[in-house]
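Q: So I've got this file, input-v9.pdb, and it contains PDB, C-alpha atoms and all ligand atoms:
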```
ATOM      1  CA  MET T   1       0.000   0.000   0.000  1.00  0.00           C
ATOM      2  CA  LYS T   2       2.862   2.405   0.797  1.00  0.00           C
ATOM      3  CA  LYS T   3       4.198   1.933  -2.728  1.00  0.00           C
ATOM      4  CA  LYS T   4       0.775   2.634  -4.231  1.00  0.00           C
ATOM      5  CA  LEU T   5       0.469   5.788  -2.167  1.00  0.00           C
ATOM      6  CA  ASP T   6       3.928   6.922  -3.296  1.00  0.00           C
ATOM      7  CA  LEU T   7       2.858   6.367  -6.888  1.00  0.00           C
ATOM      8  CA  LEU T   8      -0.378   8.298  -6.291  1.00  0.00           C
ATOM      9  CA  GLU T   9       1.682  11.165  -4.914  1.00  0.00           C
ATOM     10  CA  GLU T  10       3.828  11.104  -8.009  1.00  0.00           C
ATOM     11  CA  LEU T  11       0.694  10.959 -10.157  1.00  0.00           C
ATOM     12  CA  GLN T  12      -0.674  14.029  -8.402  1.00  0.00           C
ATOM     13  CA  GLU T  13       2.604  15.847  -8.942  1.00  0.00           C
ATOM     14  CA  VAL T  14       2.617  14.945 -12.662  1.00  0.00           C
ATOM     15  CA  ASP T  15      -0.990  16.031 -13.072  1.00  0.00           C
ATOM     16  CA  GLN T  16      -0.319  19.359 -11.388  1.00  0.00           C
ATOM     17  CA  GLN T  17       2.684  19.821 -13.616  1.00  0.00           C
ATOM     18  CA  ILE T  18       0.543  19.114 -16.698  1.00  0.00           C
ATOM     19  CA  ASP T  19      -2.157  21.512 -15.445  1.00  0.00           C
ATOM     20  CA  ALA T  20       0.407  24.277 -14.923  1.00  0.00           C
ATOM     21  CA  LEU T  21       1.864  23.678 -18.382  1.00  0.00           C
ATOM     22  CA  LYS T  22      -1.584  23.836 -19.948  1.00  0.00           C
ATOM     23  CA  VAL T  23      -2.321  27.114 -18.164  1.00  0.00           C
ATOM     24  CA  ALA T  24       0.990  28.504 -19.445  1.00  0.00           C
ATOM     25  CA  GLN T  25       0.158  27.289 -22.935  1.00  0.00           C
ATOM     26  CA  SER T  26      -3.285  28.921 -22.876  1.00  0.00           C
ATOM     27  CA  ALA T  27      -1.702  32.201 -21.798  1.00  0.00           C
ATOM     28  CA  LEU T  28       0.728  31.975 -24.732  1.00  0.00           C
ATOM     29  CA  GLN T  29      -2.136  31.221 -27.103  1.00  0.00           C
ATOM     30  CA  ALA T  30      -4.028  34.243 -25.763  1.00  0.00           C
ATOM     31  CA  GLU T  31      -0.946  36.405 -26.398  1.00  0.00           C
ATOM     32  CA  MET T  32      -0.778  34.963 -29.910  1.00  0.00           C
ATOM     33  CA  SER T  33      -4.439  35.881 -30.488  1.00  0.00           C
ATOM     34  CA  GLY T  34      -3.706  39.370 -29.194  1.00  0.00           C
ATOM     35  CA  ILE T  35      -0.926  39.818 -31.752  1.00  0.00           C
ATOM     36  CA  ASN T  36      -3.157  38.596 -34.575  1.00  0.00           C
ATOM     37  CA  GLN T  37      -6.032  40.810 -33.434  1.00  0.00           C
ATOM     38  CA  GLY T  38      -3.715  43.826 -33.500  1.00  0.00           C
ATOM     39  CA  VAL T  39      -2.894  43.127 -37.147  1.00  0.00           C
ATOM     40  CA  ASP T  40      -6.552  42.484 -37.990  1.00  0.00           C
ATOM     41  CA  GLY T  41      -7.486  45.802 -36.372  1.00  0.00           C
ATOM     42  CA  ALA T  42      -4.883  47.692 -38.409  1.00  0.00           C
ATOM     43  CA  ARG T  43      -6.079  45.979 -41.598  1.00  0.00           C
ATOM     44  CA  GLU T  44      -9.669  46.947 -40.814  1.00  0.00           C
ATOM     45  CA  GLU T  45      -8.564  50.569 -40.403  1.00  0.00           C
ATOM     46  CA  VAL T  46      -6.872  50.445 -43.807  1.00  0.00           C
ATOM     47  CA  ALA T  47     -10.048  48.957 -45.329  1.00  0.00           C
ATOM     48  CA  ALA T  48     -12.154  51.728 -43.716  1.00  0.00           C
ATOM     49  CA  PHE T  49      -9.841  54.384 -45.196  1.00  0.00           C
ATOM     50  CA  GLU T  50     -10.070  52.705 -48.601  1.00  0.00           C
ATOM     51  CA  ALA T  51     -13.871  52.679 -48.391  1.00  0.00           C
ATOM     52  CA  SER T  52     -13.933  56.402 -47.506  1.00  0.00           C
ATOM     53  CA  LEU T  53     -11.600  57.134 -50.385  1.00  0.00           C
ATOM     54  CA  ALA T  54     -13.785  55.177 -52.810  1.00  0.00           C
ATOM     55  CA  GLN T  55     -16.783  57.156 -51.524  1.00  0.00           C
ATOM     56  CA  LEU T  56     -14.996  60.466 -52.165  1.00  0.00           C
ATOM     57  CA  GLU T  57     -13.964  59.326 -55.652  1.00  0.00           C
ATOM     58  CA  ALA T  58     -17.585  58.423 -56.426  1.00  0.00           C
ATOM     59  CA  GLU T  59     -18.738  61.832 -55.189  1.00  0.00           C
ATOM     60  CA  LYS T  60     -16.081  63.502 -57.365  1.00  0.00           C
ATOM     61  CA  ILE T  61     -17.319  61.621 -60.454  1.00  0.00           C
ATOM     62  CA  GLU T  62     -20.879  62.679 -59.605  1.00  0.00           C
ATOM     63  CA  LEU T  63     -19.797  66.343 -59.326  1.00  0.00           C
ATOM     64  CA  GLU T  64     -17.895  66.129 -62.618  1.00  0.00           C
ATOM     65  CA  SER T  65     -20.925  64.691 -64.341  1.00  0.00           C
ATOM     66  CA  THR T  66     -23.227  67.435 -62.955  1.00  0.00           C
ATOM     67  CA  HIS T  67     -20.624  70.026 -63.922  1.00  0.00           C
ATOM     68  CA  ALA T  68     -20.506  68.722 -67.525  1.00  0.00           C
ATOM     69  CA  ALA T  69     -24.331  68.718 -67.701  1.00  0.00           C
ATOM     70  CA  GLU T  70     -24.496  72.334 -66.496  1.00  0.00           C
ATOM     71  CA  LEU T  71     -21.934  73.379 -69.094  1.00  0.00           C
ATOM     72  CA  ASP T  72     -24.045  71.661 -71.769  1.00  0.00           C
ATOM     73  CA  ASN T  73     -27.100  73.555 -70.502  1.00  0.00           C
ATOM     74  CA  ILE T  74     -25.282  76.863 -70.841  1.00  0.00           C
ATOM     75  CA  VAL T  75     -24.193  76.062 -74.388  1.00  0.00           C
ATOM     76  CA  ARG T  76     -27.780  75.041 -75.250  1.00  0.00           C
ATOM     77  CA  SER T  77     -29.270  78.189 -73.726  1.00  0.00           C
ATOM     78  CA  GLU T  78     -26.759  80.370 -75.544  1.00  0.00           C
ATOM     79  CA  THR T  79     -27.669  78.637 -78.822  1.00  0.00           C
ATOM     80  CA  ASN T  80     -31.398  79.118 -78.077  1.00  0.00           C
ATOM     81  CA  MET T  81     -30.832  82.793 -77.435  1.00  0.00           C
ATOM     82  CA  LYS T  82     -30.134  83.304 -81.129  1.00  0.00           C
ATOM     83  CA  GLU T  83     -33.681  82.137 -81.919  1.00  0.00           C
ATOM     84  CA  ILE T  84     -35.351  84.411 -79.365  1.00  0.00           C
ATOM     85  CA  LYS T  85     -37.611  87.115 -80.715  1.00  0.00           C
ATOM     86  CA  THR T  86     -38.864  89.028 -77.635  1.00  0.00           C
ATOM     87  CA  ASN T  87     -36.902  90.991 -75.134  1.00  0.00           C
ATOM     88  CA  LYS T  88     -38.802  89.363 -72.267  1.00  0.00           C
ATOM     89  CA  GLU T  89     -37.790  85.867 -73.355  1.00  0.00           C
ATOM     90  CA  PHE T  90     -34.254  87.073 -73.919  1.00  0.00           C
ATOM     91  CA  GLN T  91     -34.029  88.319 -70.354  1.00  0.00           C
ATOM     92  CA  ALA T  92     -35.485  85.089 -68.962  1.00  0.00           C
ATOM     93  CA  VAL T  93     -32.916  82.928 -70.773  1.00  0.00           C
ATOM     94  CA  GLY T  94     -30.216  85.388 -69.739  1.00  0.00           C
ATOM     95  CA  ARG T  95     -31.190  84.844 -66.066  1.00  0.00           C
ATOM     96  CA  GLU T  96     -31.101  81.092 -66.632  1.00  0.00           C
ATOM     97  CA  ILE T  97     -27.582  81.333 -68.039  1.00  0.00           C
ATOM     98  CA  THR T  98     -26.424  83.500 -65.136  1.00  0.00           C
ATOM     99  CA  ALA T  99     -27.874  81.007 -62.645  1.00  0.00           C
ATOM    100  CA  ALA T 100     -26.268  78.087 -64.526  1.00  0.00           C
ATOM    101  CA  LYS T 101     -22.895  79.855 -64.521  1.00  0.00           C
ATOM    102  CA  LYS T 102     -23.193  80.444 -60.790  1.00  0.00           C
ATOM    103  CA  GLN T 103     -24.021  76.724 -60.424  1.00  0.00           C
ATOM    104  CA  VAL T 104     -20.950  75.790 -62.494  1.00  0.00           C
ATOM    105  CA  SER T 105     -18.765  77.993 -60.354  1.00  0.00           C
ATOM    106  CA  ASP T 106     -20.143  76.396 -57.145  1.00  0.00           C
ATOM    107  CA  LEU T 107     -19.593  72.926 -58.609  1.00  0.00           C
ATOM    108  CA  GLU T 108     -16.013  73.811 -59.462  1.00  0.00           C
ATOM    109  CA  GLU T 109     -15.506  74.994 -55.896  1.00  0.00           C
ATOM    110  CA  SER T 110     -16.947  71.706 -54.571  1.00  0.00           C
ATOM    111  CA  LEU T 111     -14.780  69.729 -56.981  1.00  0.00           C
ATOM    112  CA  LEU T 112     -11.633  71.471 -55.767  1.00  0.00           C
ATOM    113  CA  GLN T 113     -12.624  70.705 -52.178  1.00  0.00           C
ATOM    114  CA  LYS T 114     -13.292  67.087 -53.095  1.00  0.00           C
ATOM    115  CA  ILE T 115      -9.924  66.761 -54.837  1.00  0.00           C
ATOM    116  CA  SER T 116      -8.207  68.241 -51.813  1.00  0.00           C
ATOM    117  CA  GLN T 117     -10.032  65.790 -49.498  1.00  0.00           C
ATOM    118  CA  ILE T 118      -9.026  62.917 -51.771  1.00  0.00           C
ATOM    119  CA  GLU T 119      -5.391  64.025 -51.664  1.00  0.00           C
ATOM    120  CA  ASP T 120      -5.429  64.282 -47.860  1.00  0.00           C
ATOM    121  CA  LEU T 121      -7.087  60.908 -47.434  1.00  0.00           C
ATOM    122  CA  SER T 122      -4.763  59.269 -49.983  1.00  0.00           C
ATOM    123  CA  GLY T 123      -1.803  60.537 -47.974  1.00  0.00           C
ATOM    124  CA  ALA T 124      -3.301  59.263 -44.732  1.00  0.00           C
ATOM    125  CA  LEU T 125      -4.098  55.920 -46.371  1.00  0.00           C
ATOM    126  CA  ALA T 126      -0.533  55.522 -47.628  1.00  0.00           C
ATOM    127  CA  ALA T 127       0.795  56.208 -44.115  1.00  0.00           C
ATOM    128  CA  LYS T 128      -1.732  53.807 -42.604  1.00  0.00           C
ATOM    129  CA  LYS T 129      -0.813  51.095 -45.115  1.00  0.00           C
ATOM    130  CA  SER T 130       2.845  51.533 -44.388  1.00  0.00           C
ATOM    131  CA  SER T 131       2.408  51.306 -40.596  1.00  0.00           C
ATOM    132  CA  CYS T 132       0.059  48.345 -41.061  1.00  0.00           C
ATOM    133  CA  GLY T 133       2.708  46.635 -43.189  1.00  0.00           C
ATOM    134  CA  GLU T 134       5.352  47.191 -40.518  1.00  0.00           C
ATOM    135  CA  LEU T 135       2.987  45.966 -37.834  1.00  0.00           C
ATOM    136  CA  ALA T 136       2.168  42.829 -39.835  1.00  0.00           C
ATOM    137  CA  GLU T 137       5.845  42.122 -40.439  1.00  0.00           C
ATOM    138  CA  ASN T 138       6.691  42.616 -36.790  1.00  0.00           C
ATOM    139  CA  ALA T 139       3.667  40.524 -35.764  1.00  0.00           C
ATOM    140  CA  ALA T 140       4.707  37.704 -38.097  1.00  0.00           C
ATOM    141  CA  GLU T 141       8.069  37.480 -36.290  1.00  0.00           C
ATOM    142  CA  ARG T 142       6.390  37.588 -32.889  1.00  0.00           C
ATOM    143  CA  VAL T 143       3.879  34.929 -33.952  1.00  0.00           C
ATOM    144  CA  ILE T 144       6.736  32.629 -35.006  1.00  0.00           C
ATOM    145  CA  ALA T 145       8.489  33.194 -31.667  1.00  0.00           C
ATOM    146  CA  LYS T 146       5.252  32.684 -29.742  1.00  0.00           C
ATOM    147  CA  GLN T 147       4.509  29.484 -31.676  1.00  0.00           C
ATOM    148  CA  ALA T 148       7.979  28.197 -30.773  1.00  0.00           C
ATOM    149  CA  GLU T 149       7.190  28.853 -27.087  1.00  0.00           C
ATOM    150  CA  ILE T 150       3.831  27.086 -27.425  1.00  0.00           C
ATOM    151  CA  ASP T 151       5.541  24.115 -29.100  1.00  0.00           C
ATOM    152  CA  ALA T 152       8.174  23.959 -26.357  1.00  0.00           C
ATOM    153  CA  VAL T 153       5.448  23.845 -23.697  1.00  0.00           C
ATOM    154  CA  GLN T 154       3.659  21.166 -25.735  1.00  0.00           C
ATOM    155  CA  SER T 155       6.837  19.125 -25.788  1.00  0.00           C
ATOM    156  CA  ASP T 156       6.984  19.391 -21.965  1.00  0.00           C
ATOM    157  CA  ILE T 157       3.328  18.353 -21.789  1.00  0.00           C
ATOM    158  CA  ASP T 158       4.104  15.332 -23.982  1.00  0.00           C
ATOM    159  CA  THR T 159       7.032  14.373 -21.739  1.00  0.00           C
ATOM    160  CA  GLU T 160       4.876  14.678 -18.623  1.00  0.00           C
ATOM    161  CA  THR T 161       2.105  12.698 -20.302  1.00  0.00           C
ATOM    162  CA  VAL T 162       4.527   9.830 -20.987  1.00  0.00           C
ATOM    163  CA  ARG T 163       5.686  10.051 -17.374  1.00  0.00           C
ATOM    164  CA  ARG T 164       2.064   9.935 -16.256  1.00  0.00           C
ATOM    165  CA  GLU T 165       1.461   6.796 -18.323  1.00  0.00           C
ATOM    166  CA  ASN T 166       4.470   5.132 -16.719  1.00  0.00           C
ATOM    167  CA  VAL T 167       3.313   6.087 -13.219  1.00  0.00           C
ATOM    168  CA  THR T 168      -0.224   4.840 -13.798  1.00  0.00           C
ATOM    169  CA  LYS T 169       1.153   1.462 -14.982  1.00  0.00           C
ATOM    170  CA  GLY T 170       2.152   0.785 -11.375  1.00  0.00           C
ATOM    171  CA  ILE T 171      -1.294   1.643  -9.976  1.00  0.00           C
ATOM    172  CA  PRO T 172      -4.431  -0.523 -10.344  1.00  0.00           C
ATOM    173  CA  ALA T 173      -6.756   0.930 -12.977  1.00  0.00           C
ATOM    174  CA  SER T 174      -9.638   1.205 -10.489  1.00  0.00           C
ATOM    175  CA  LEU T 175      -7.477   3.315  -8.187  1.00  0.00           C
ATOM    176  CA  VAL T 176      -6.392   5.595 -11.046  1.00  0.00           C
ATOM    177  CA  LYS T 177     -10.075   6.048 -11.867  1.00  0.00           C
ATOM    178  CA  LYS T 178     -10.948   6.862  -8.262  1.00  0.00           C
ATOM    179  CA  PHE T 179      -8.031   9.296  -8.137  1.00  0.00           C
ATOM    180  CA  THR T 180      -9.096  10.990 -11.390  1.00  0.00           C
ATOM    181  CA  ILE T 181     -12.709  11.421 -10.280  1.00  0.00           C
ATOM    182  CA  LEU T 182     -11.630  12.763  -6.890  1.00  0.00           C
ATOM    183  CA  ARG T 183      -9.242  15.184  -8.545  1.00  0.00           C
ATOM    184  CA  GLU T 184     -12.041  16.583 -10.681  1.00  0.00           C
ATOM    185  CA  GLN T 185     -14.315  16.900  -7.663  1.00  0.00           C
ATOM    186  CA  ARG T 186     -11.708  18.371  -5.336  1.00  0.00           C
ATOM    187  CA  ARG T 187     -10.263  21.156  -7.444  1.00  0.00           C
ATOM    188  CA  GLY T 188      -7.222  19.218  -8.626  1.00  0.00           C
ATOM    189  CA  GLN T 189      -6.346  17.737  -5.218  1.00  0.00           C
ATOM    190  CA  ALA T 190      -7.245  14.070  -4.890  1.00  0.00           C
ATOM    191  CA  LEU T 191      -4.750  13.491  -2.107  1.00  0.00           C
ATOM    192  CA  ALA T 192      -4.501  15.073   1.305  1.00  0.00           C
ATOM    193  CA  ILE T 193      -1.687  14.907   3.803  1.00  0.00           C
ATOM    194  CA  ALA T 194      -2.605  13.545   7.219  1.00  0.00           C
ATOM    195  CA  ARG T 195      -0.569  14.967  10.093  1.00  0.00           C
ATOM    196  CA  ASP T 196      -1.022  15.301  13.862  1.00  0.00           C
ATOM    197  CA  GLY T 197      -4.472  13.753  13.600  1.00  0.00           C
ATOM    198  CA  TYR T 198      -5.699  16.237  11.000  1.00  0.00           C
ATOM    199  CA  CYS T 199      -6.514  16.093   7.319  1.00  0.00           C
ATOM    200  CA  MET T 200      -4.506  18.918   5.726  1.00  0.00           C
ATOM    201  CA  GLY T 201      -6.840  18.900   2.734  1.00  0.00           C
ATOM    202  CA  CYS T 202      -9.840  20.220   4.694  1.00  0.00           C
ATOM    203  CA  ASN T 203      -8.219  20.975   8.090  1.00  0.00           C
ATOM    204  CA  MET T 204     -10.654  18.682   9.865  1.00  0.00           C
ATOM    205  CA  HIS T 205      -9.790  16.398  12.720  1.00  0.00           C
ATOM    206  CA  LEU T 206      -9.577  12.742  11.712  1.00  0.00           C
ATOM    207  CA  PRO T 207     -11.132   9.984  13.853  1.00  0.00           C
ATOM    208  CA  PRO T 208      -8.274   8.591  16.002  1.00  0.00           C
ATOM    209  CA  GLN T 209      -8.828   5.019  14.836  1.00  0.00           C
ATOM    210  CA  LEU T 210      -8.609   6.060  11.218  1.00  0.00           C
ATOM    211  CA  TYR T 211      -5.497   8.094  11.903  1.00  0.00           C
ATOM    212  CA  ASN T 212      -3.876   5.124  13.636  1.00  0.00           C
ATOM    213  CA  ASN T 213      -4.750   2.847  10.750  1.00  0.00           C
ATOM    214  CA  LEU T 214      -2.793   5.123   8.426  1.00  0.00           C
ATOM    215  CA  TYR T 215       0.414   3.888  10.071  1.00  0.00           C
ATOM    216  CA  LYS T 216      -0.370   0.308   9.086  1.00  0.00           C
ATOM    217  CA  TYR T 217      -0.499   0.925   5.327  1.00  0.00           C
ATOM    218  CA  GLU T 218      -2.941  -1.958   4.978  1.00  0.00           C
ATOM    219  CA  GLU T 219      -5.654  -0.232   2.997  1.00  0.00           C
ATOM    220  CA  LEU T 220      -6.441   2.932   1.166  1.00  0.00           C
ATOM    221  CA  LEU T 221      -7.948   5.411   3.617  1.00  0.00           C
ATOM    222  CA  THR T 222      -9.916   8.506   2.770  1.00  0.00           C
ATOM    223  CA  CYS T 223     -10.855  11.550   4.805  1.00  0.00           C
ATOM    224  CA  PRO T 224     -14.465  11.212   6.046  1.00  0.00           C
ATOM    225  CA  HIS T 225     -14.904  14.989   5.590  1.00  0.00           C
ATOM    226  CA  CYS T 226     -13.438  15.790   2.163  1.00  0.00           C
ATOM    227  CA  GLN T 227     -13.126  12.221   0.785  1.00  0.00           C
ATOM    228  CA  ARG T 228      -9.531  12.786  -0.312  1.00  0.00           C
ATOM    229  CA  ILE T 229      -7.095   9.887  -0.213  1.00  0.00           C
ATOM    230  CA  LEU T 230      -4.977  10.318   2.908  1.00  0.00           C
ATOM    231  CA  ILE T 231      -1.174  10.249   2.823  1.00  0.00           C
ATOM    232  CA  LEU T 232       0.537  10.115   6.182  1.00  0.00           C
ATOM    233  CA  LYS T 233       3.346  12.644   6.616  1.00  0.00           C
ATOM    234  CA  LEU T 234       4.834  13.033  10.031  1.00  0.00           C
ATOM    235  CA  GLN T 235       7.221  15.825   9.160  1.00  0.00           C
ATOM    236  CA  GLN T 236       6.418  19.051   7.442  1.00  0.00           C
ATOM    237  CA  GLN T 237       8.064  19.002   4.039  1.00  0.00           C
TER     238      GLN T 237
HETATM  239 ZN    ZN T 301     -10.217  16.104   4.526  1.00  0.00          ZN
END
```
What would you get if you wrote out this structure as structure tokens?

A:
Amino acid sequence: MKKKLDLLEELQEVDQQIDALKVAQSALQAEMSGINQGVDGAREEVAAFEASLAQLEAEKIELESTHAAELDNIVRSETNMKEIKTNKEFQAVGREITAAKKQVSDLEESLLQKISQIEDLSGALAAKKSSCGELAENAAERVIAKQAEIDAVQSDIDTETVRRENVTKGIPASLVKKFTILREQRRGQALAIARDGYCMGCNMHLPPQLYNNLYKYEELLTCPHCQRILILKLQQQ
């Protein structure tokens, strides 16, 4: 029984080691996600700039088309003027042409503004693309390094898993099962040290007969309070 208990202790140690490694690995994976999210965010910003630029370009084309139509209107009105017989009509078309010319001038003003906006945004987009490119390059290196760390931890997990298999070979399958279930139920601690008549797992006093039986190593004994498998340790370690 003593040997089995020693093996159970080793099993607990291996399992805790594996748990710690898995926690470390998850943290590394979270860092990896963070790096990738940073790049995704920068790419989304670039895409948003590109969409705004496309919008401005479309508005510019619209203005150009309206501008061309207004110019056509002026030419048409001026041609019509030659056909006009009355002074009243002449004045009316004249007002139309003046209004159209004012419209053309406003459109030209808007076009210049639009072109200036497009230039500004193009500059900002180029800068954004460049910083995004640098970020992506830098992130790619960090992702490779992070992956190497994750792989190294995985290799440790694999080693510990092999060690666990070897340890469990020396323990009856039913006991490994009991241990595993207890570990799940007792927040990773299937074993508890018994010392000075107490269970160190739950800090409860153990029945004296049970405590005495621990010295005999005849059977597997569990704490009546927390159900953990008891391991007798006389000295604090
Ligand atoms: Zn207990």

Q: Just want the residues within 7 Å of ligand ZN 301 (chain T), written as a list in words, counting all atoms listed in the file.

A: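 Written in the requested form, the residues are Ala192, Cys199, Met200, Gly201, Cys202, Asn203, Met204, Cys223, Pro224, His225, Cys226, Gln227 and Arg228 of chain T.
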
Q: Applied to this file, what does the PyMOL selection byres (((chain T and resi 132-147) around 7) and not hetatm) return in terms of residues, put as a PyMOL selection string?

A: chain T and resi 28+32+35+39+42-43+128-131+148-151

Q: For this structure, which residues satisfy the selection - the PyMOL selection byres (((chain T and resi 219) around 12) and not hetatm) - when it is evaluated on the file as given? I want them as number ranges by chain.

A: T: 1-5, 175, 210, 213-218, 220-222, 229-231

Q: Excluding region 97-105 of chain T and residues on its chain fewer than 5 positions from it, collect all residues at most 8 Å away from it, counting all atoms listed in the file, and give them as a list in words.

A: His67, Glu70, Leu71, Asn73, Ile74, Ser77 and Glu78 of chain T

Q: CA of Asp120 (chain T) to CA of Ala54 (chain T): how many Å, to one decimal?

A: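 Result for CA of Asp120 (chain T) versus CA of Ala54 (chain T): 13.3 Å, one decimal.
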
Q: Considering only C-alpha atoms, state which residue in the set T:Leu125, T:Leu111, T:Leu234, T:Leu7 is at the smallest distance from Phe179 (chain T).

A: T:Leu7

Q: With all atoms listed in the file as the atoms that count, which of T:Ala58, T:Leu8, T:Val14, T:Val46 lies nearest to Ala126 (chain T)?

A: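 Among the listed residues, the smallest separation from Ala126 (chain T) belongs to T:Val46.
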
Q: Output, as AutoDock Vina command-line options, the centre and edge lengths in Å (one decimal) of the axis-aligned box that contains all listed atoms of region 174-183 of chain T with 6 Å of margin on each side.

A:
```
--center_x -9.6 --center_y 8.2 --center_z -9.4 --size_x 18.3 --size_y 26.0 --size_z 17.0
```

Q: Which of these residues is nearest to Arg164 (chain T), using all atoms listed in the file: T:Asp6, T:Gln117, T:Asn80, T:Leu11?

A: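 That would be T:Leu11, the residue with the smallest distance to Arg164 (chain T).
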
Q: Given the file above and the PyMOL selection byres (((chain T and resi 13) around 12) and not hetatm), which residues are selected, and can you give them as a PyMOL selection string?

A: chain T and resi 6-12+14-20+160-161+163-164+167+183+188-191

Q: So how many Å separate CA of Pro207 (chain T) and CA of Ser174 (chain T), to one decimal?

A: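 It comes out at 25.9 Å.
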
Q: Nearest to Glu108 (chain T): which of T:Leu21, T:Val176, T:Leu63, T:Ala27 is it, counting only C-alpha atoms?

A: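 That would be T:Leu63, the residue with the smallest distance to Glu108 (chain T).
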
Q: Just the number, please: distance in Å from CA of Glu45 (chain T) to CA of Ala30 (chain T), one decimal.

A: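 Those two atoms sit 22.4 Å apart.
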